[in-house]
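Encoded as structure tokens, the structure appears first; notes follow it.
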Amino acid sequence: MTEKILSRRFDLKDSHTLKVYEENGGYIALRKALKEMSPAQILDEVKRSNLRGRGGAGFPAGMKWSFLPKDTDKPVYLCVNADESEPGTFKDRFIMERDPHLLIEGIIITCYTIRSSQAFIYIRGEYLSQARLLEQAIQDAYAAKYLGKNILGSGFDLDLILYIGAGAYICGEETAMLESLEGKKGYPRLKPPFPAVIGLYNCPTIINNVETIANVPAIVERGGDWYAGLGPPKNGGTRLFAVSGHVKRPGCYEHPLGYPLKKLLYEDAGGILDDLPLKAVVPGGSSVPVLKADEIDINLDFDSVQAAGSMLGSAAIIVMHERTCMVKATERIINFYKEESCGQCSPCREGTGWLLKIIQRILRGEGVMEDIDLLYDVSEGILGNTICPLGDAVAMPVMSYVTKFRDEFEYFIAHKKSKIETMVS
Amino acid sequence: MELTVNLKSRLDEIKRKFPFAFSSVLPAIHAVQEEFGYIPLEIEPAVARYLAVPQERIREVTTFYFMFNNRSVGKYHIYLCSNVSCWLRNYESILAYLEKKLNISAGETTPDGRFTISLVECLGMCEQAPVMQINGISYGDLTPEKIDRILDNLD
């Protein structure tokens with residue numbers, strides 16, 4: 001049984017309340033941080049912890065924080081990315097609805113460390129009930145003097161604003177989020193300058209994912225070395241693995257980084273639905289290359305998944321059994337990115353539309369064999385040619401599905417129907 | 001079209017919260033939608049004036065974000081997820097059932113103005129796929145029987 005850091009209160013009754021949080025170890029790390037530690041000491045612990053960003057990119061959190069300018073007369077902002085919208089991903093929702101104070105405590109410690117007195121949580125508009133829970137938790141934290149002026153008598157002030165999005169996946173891209181927070185459409189910004197230098201309201205800004213921030217209290221309480229030791233080298237701590245699709249027990253499972261994918265699927269998630277053979281696994285949200293059934297003997301840390309030709313991304317594991325039509329699966333993925341492309345860069349705006357037309361033509365039985373290479377070529381034309389990674393997020397999976405399941409595309413085009421239909425049910 | 005007293009007080013509250021006026025645009029438009037169920041085009045100039053931001057800022061936001069309705073929708077707005085995890089768990093049969101039960105297609109509103117069905121992207125509830133939301137409330141592990149129970153219990 002591995003130790004739970006993020007999910008240890010998830011199953012307690014009323015786990016979302018301040019009372020339960022305080023009765024179960026909550027806000028102890030904050031007291032330690034404010035009373036016993038300097039911001040520099042906390043930054044050092046976070047660096048030693050090897051905490052890497054849980055939003056998808058896996059960038060070391062401590063290093064990101066150290067990119068803030070040392071002497072600035074501008075205010076510093078923290079924006080917490082709760083715009084969780086990558087298909088298959090629902091881990092941040094678990095934190096926000098089951099342990100919102102863990103996130104709030106992480107935010108306060110982070111702001112103390114980066115010398116920020118104004119933080120924002122940007123939550124997606126569809127998470128309305130979670131937003132209401134968070135708003136209540138924020139009010140309770142103010143009432144208990146964990147937020148506001150002179151927190152716990154330390155002289156440190158912090159305000160926290162919950163900002164509700166309105167249904168745009170692109171706003172999970174950090175600079176699009178800043179645009180949205182400034183009351184605009186979510187067009188990603190060119191980098192550099194990076195937000196740590198010029199971010200919200202042109203001021204230095206740190207943007208971290210919900211799960212990243214939720215790890216900070218444990219690191220402060222028990223030290224960076226302890227946290228780093230939970231996972232393999234350069235992959236500190238645990239992750240919330242969100243498993244969905246064709247498994248018997250879909251859900252959110254916390255394990256140290258480096259946990260075996262097979263164990264997650266066959267033990268935690270109970271095995272494949274209807275005991276059918278496995279066909280494919282998406283290991284990090286819909287935007288990463290797919291793994292075939294014979295490629296899943298891997299450990300779930302950033303570096304191992306990358307070595308296997310995919311990415312751990314948001315740690316959203318989507319499982320597909322034998323009776324999954326990979327042509328249709330590809331269409332669902334393309335459709336998503338076509339809908340969510342913000343339209344700023346032409347390779348992504350036009351390319352996603354072209355990909356959708358081609359795949360829909362194949363599904364209508366009007367495809368030609370050249371369409372398979374065309375899907376690949378259009379994807380290649382998008383890859384690396386856009387301001388933000390949304391273009392890559394459609395190109396990478398499409399290239400992998402077309403390559404790894406080429407036989408299914410060929411069958412569909414030749415027979416004008418899915419290979420799956422030939423299976424006896 | 002002018003702002004109602006209620007809306008003005010909501011916008012005042014929002015303006016007070018943010019360090020800069022332009023950050024109040026999204027929350028303000030959420031408030032408008034709560035008031036009317038959608039964003040009437042005619043209200044946009046009044047909102048812009050009240051927030052002291054250019055009118056095109058309001059237009060930019062109301063047209064960019066999916067959840068802001070540019071025309072009126074049913075009293076109950078059904079968001080049905082159509083993304084990968086819900087597709088793997090057969091959202092298509094749920095859609096077919098909803099369309100048959102309400103006698104409309106996705107994207108349409110029933111003639112009595114009670115229901116609109118919108119196909120949406122991932123709602124972040126994949127462990128309960130297939131899922132839908134009705135006016136912000138989530139329902140998972142959908143079956144035709146469960147849909148009956150949910151819809152029949154709405155007033």
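The way I read the labels, and the way they are meant: chains A, B, ... in the order of the structure tokens, residue 1 as the first residue of every chain, and ligand 1 as the first ligand shown, with later ones counted on from there.
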Neighbouring residues of stretch 110-112 of chain B were defined as those with any atom within 12 Å, considering only C-alpha atoms; residues of the same chain fewer than 2 positions away were excluded. Please report them as a list in words.
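Non-adjacent residues within range: Ser72, Val73, Gly74, Lys75, Tyr76, His77, Ile78, Leu98, Glu99, Lys100, Lys101, Leu102, Asn103, Ile104, Ser105, Ala106, Gly107, Glu108, Arg114, Phe115, Thr116 and Ile117 of chain B.
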Please save C-alpha atoms of the selected residues as a JSON list (two decimals), in the first residue's frame.
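Saved file part_6.json follows:
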```
[["chain", "number", "residue", "atom", "x", "y", "z"],
["B", 72, "SER", "CA", -31.91, 31.84, -26.33],
["B", 73, "VAL", "CA", -31.78, 28.20, -25.28],
["B", 74, "GLY", "CA", -34.19, 25.89, -23.51],
["B", 75, "LYS", "CA", -35.00, 26.25, -19.82],
["B", 76, "TYR", "CA", -32.92, 23.09, -19.39],
["B", 77, "HIS", "CA", -29.71, 23.10, -21.39],
["B", 78, "ILE", "CA", -28.37, 19.57, -21.75],
["B", 98, "LEU", "CA", -32.36, 11.71, -25.80],
["B", 99, "GLU", "CA", -33.11, 12.78, -29.36],
["B", 100, "LYS", "CA", -35.97, 10.30, -29.59],
["B", 101, "LYS", "CA", -37.37, 11.16, -26.16],
["B", 102, "LEU", "CA", -37.31, 14.90, -26.75],
["B", 103, "ASN", "CA", -38.00, 14.62, -30.48],
["B", 104, "ILE", "CA", -35.22, 17.03, -31.43],
["B", 105, "SER", "CA", -31.68, 16.67, -32.77],
["B", 106, "ALA", "CA", -28.50, 17.80, -31.04],
["B", 107, "GLY", "CA", -28.21, 21.57, -31.38],
["B", 108, "GLU", "CA", -31.97, 22.10, -31.29],
["B", 114, "ARG", "CA", -37.99, 23.44, -22.21],
["B", 115, "PHE", "CA", -34.97, 21.56, -23.55],
["B", 116, "THR", "CA", -31.89, 22.21, -25.67],
["B", 117, "ILE", "CA", -29.41, 19.43, -26.45]]
```
Contacts from chain B to chain A, 6 Å maximum, only C-alpha atoms: show me the residue list as a PyMOL selection string.
chain B and resi 22-23+25-26+61+64-67+84-85+88+122+124-127+136
* Hey, what's within 10 Å of stretch 353-365 of chain A if we count only C-alpha atoms and toss same-chain stuff fewer than 4 positions away? As JSON, numbers by chain, please? -> {"A": [327, 328, 330, 331, 332, 333, 334, 335, 336, 337, 338, 339, 341, 347, 348, 349, 369, 371, 372, 374, 375, 376, 377, 378, 379, 394, 395, 398, 409, 410, 412, 413, 414, 415, 416, 417, 418]}
Quiz item: What gap, in Å, lies between atom CA of B:Asp148 and atom CA of A:Leu273?
Solution: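 Atom CA of A:Leu273 lies 25.7 Å from atom CA of B:Asp148.
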_Can you tell me which residues surround B:Leu7 at a distance of at most 8 Å, considering only C-alpha atoms, apart from same-chain residues fewer than 5 positions away, and format the answer as a list of chain:residue names?_
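Near B:Leu7, the qualifying residues are B:Ala31, B:Val32, B:Glu35.
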Quick one: DSSP helix (DSSP H, G or I) residues in stretch 261-369 of chain A, as a ChimeraX atom specification? /A:261-268,273-275,293-295,302-307,326-340,346-363
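Secondary structure of stretch 86-150 of chain A, strand (DSSP E or B) only (DSSP, backbone atoms): Gln118, Ala119, Phe120, Ile121, Tyr122, Ile123 and Gly148 of chain A.
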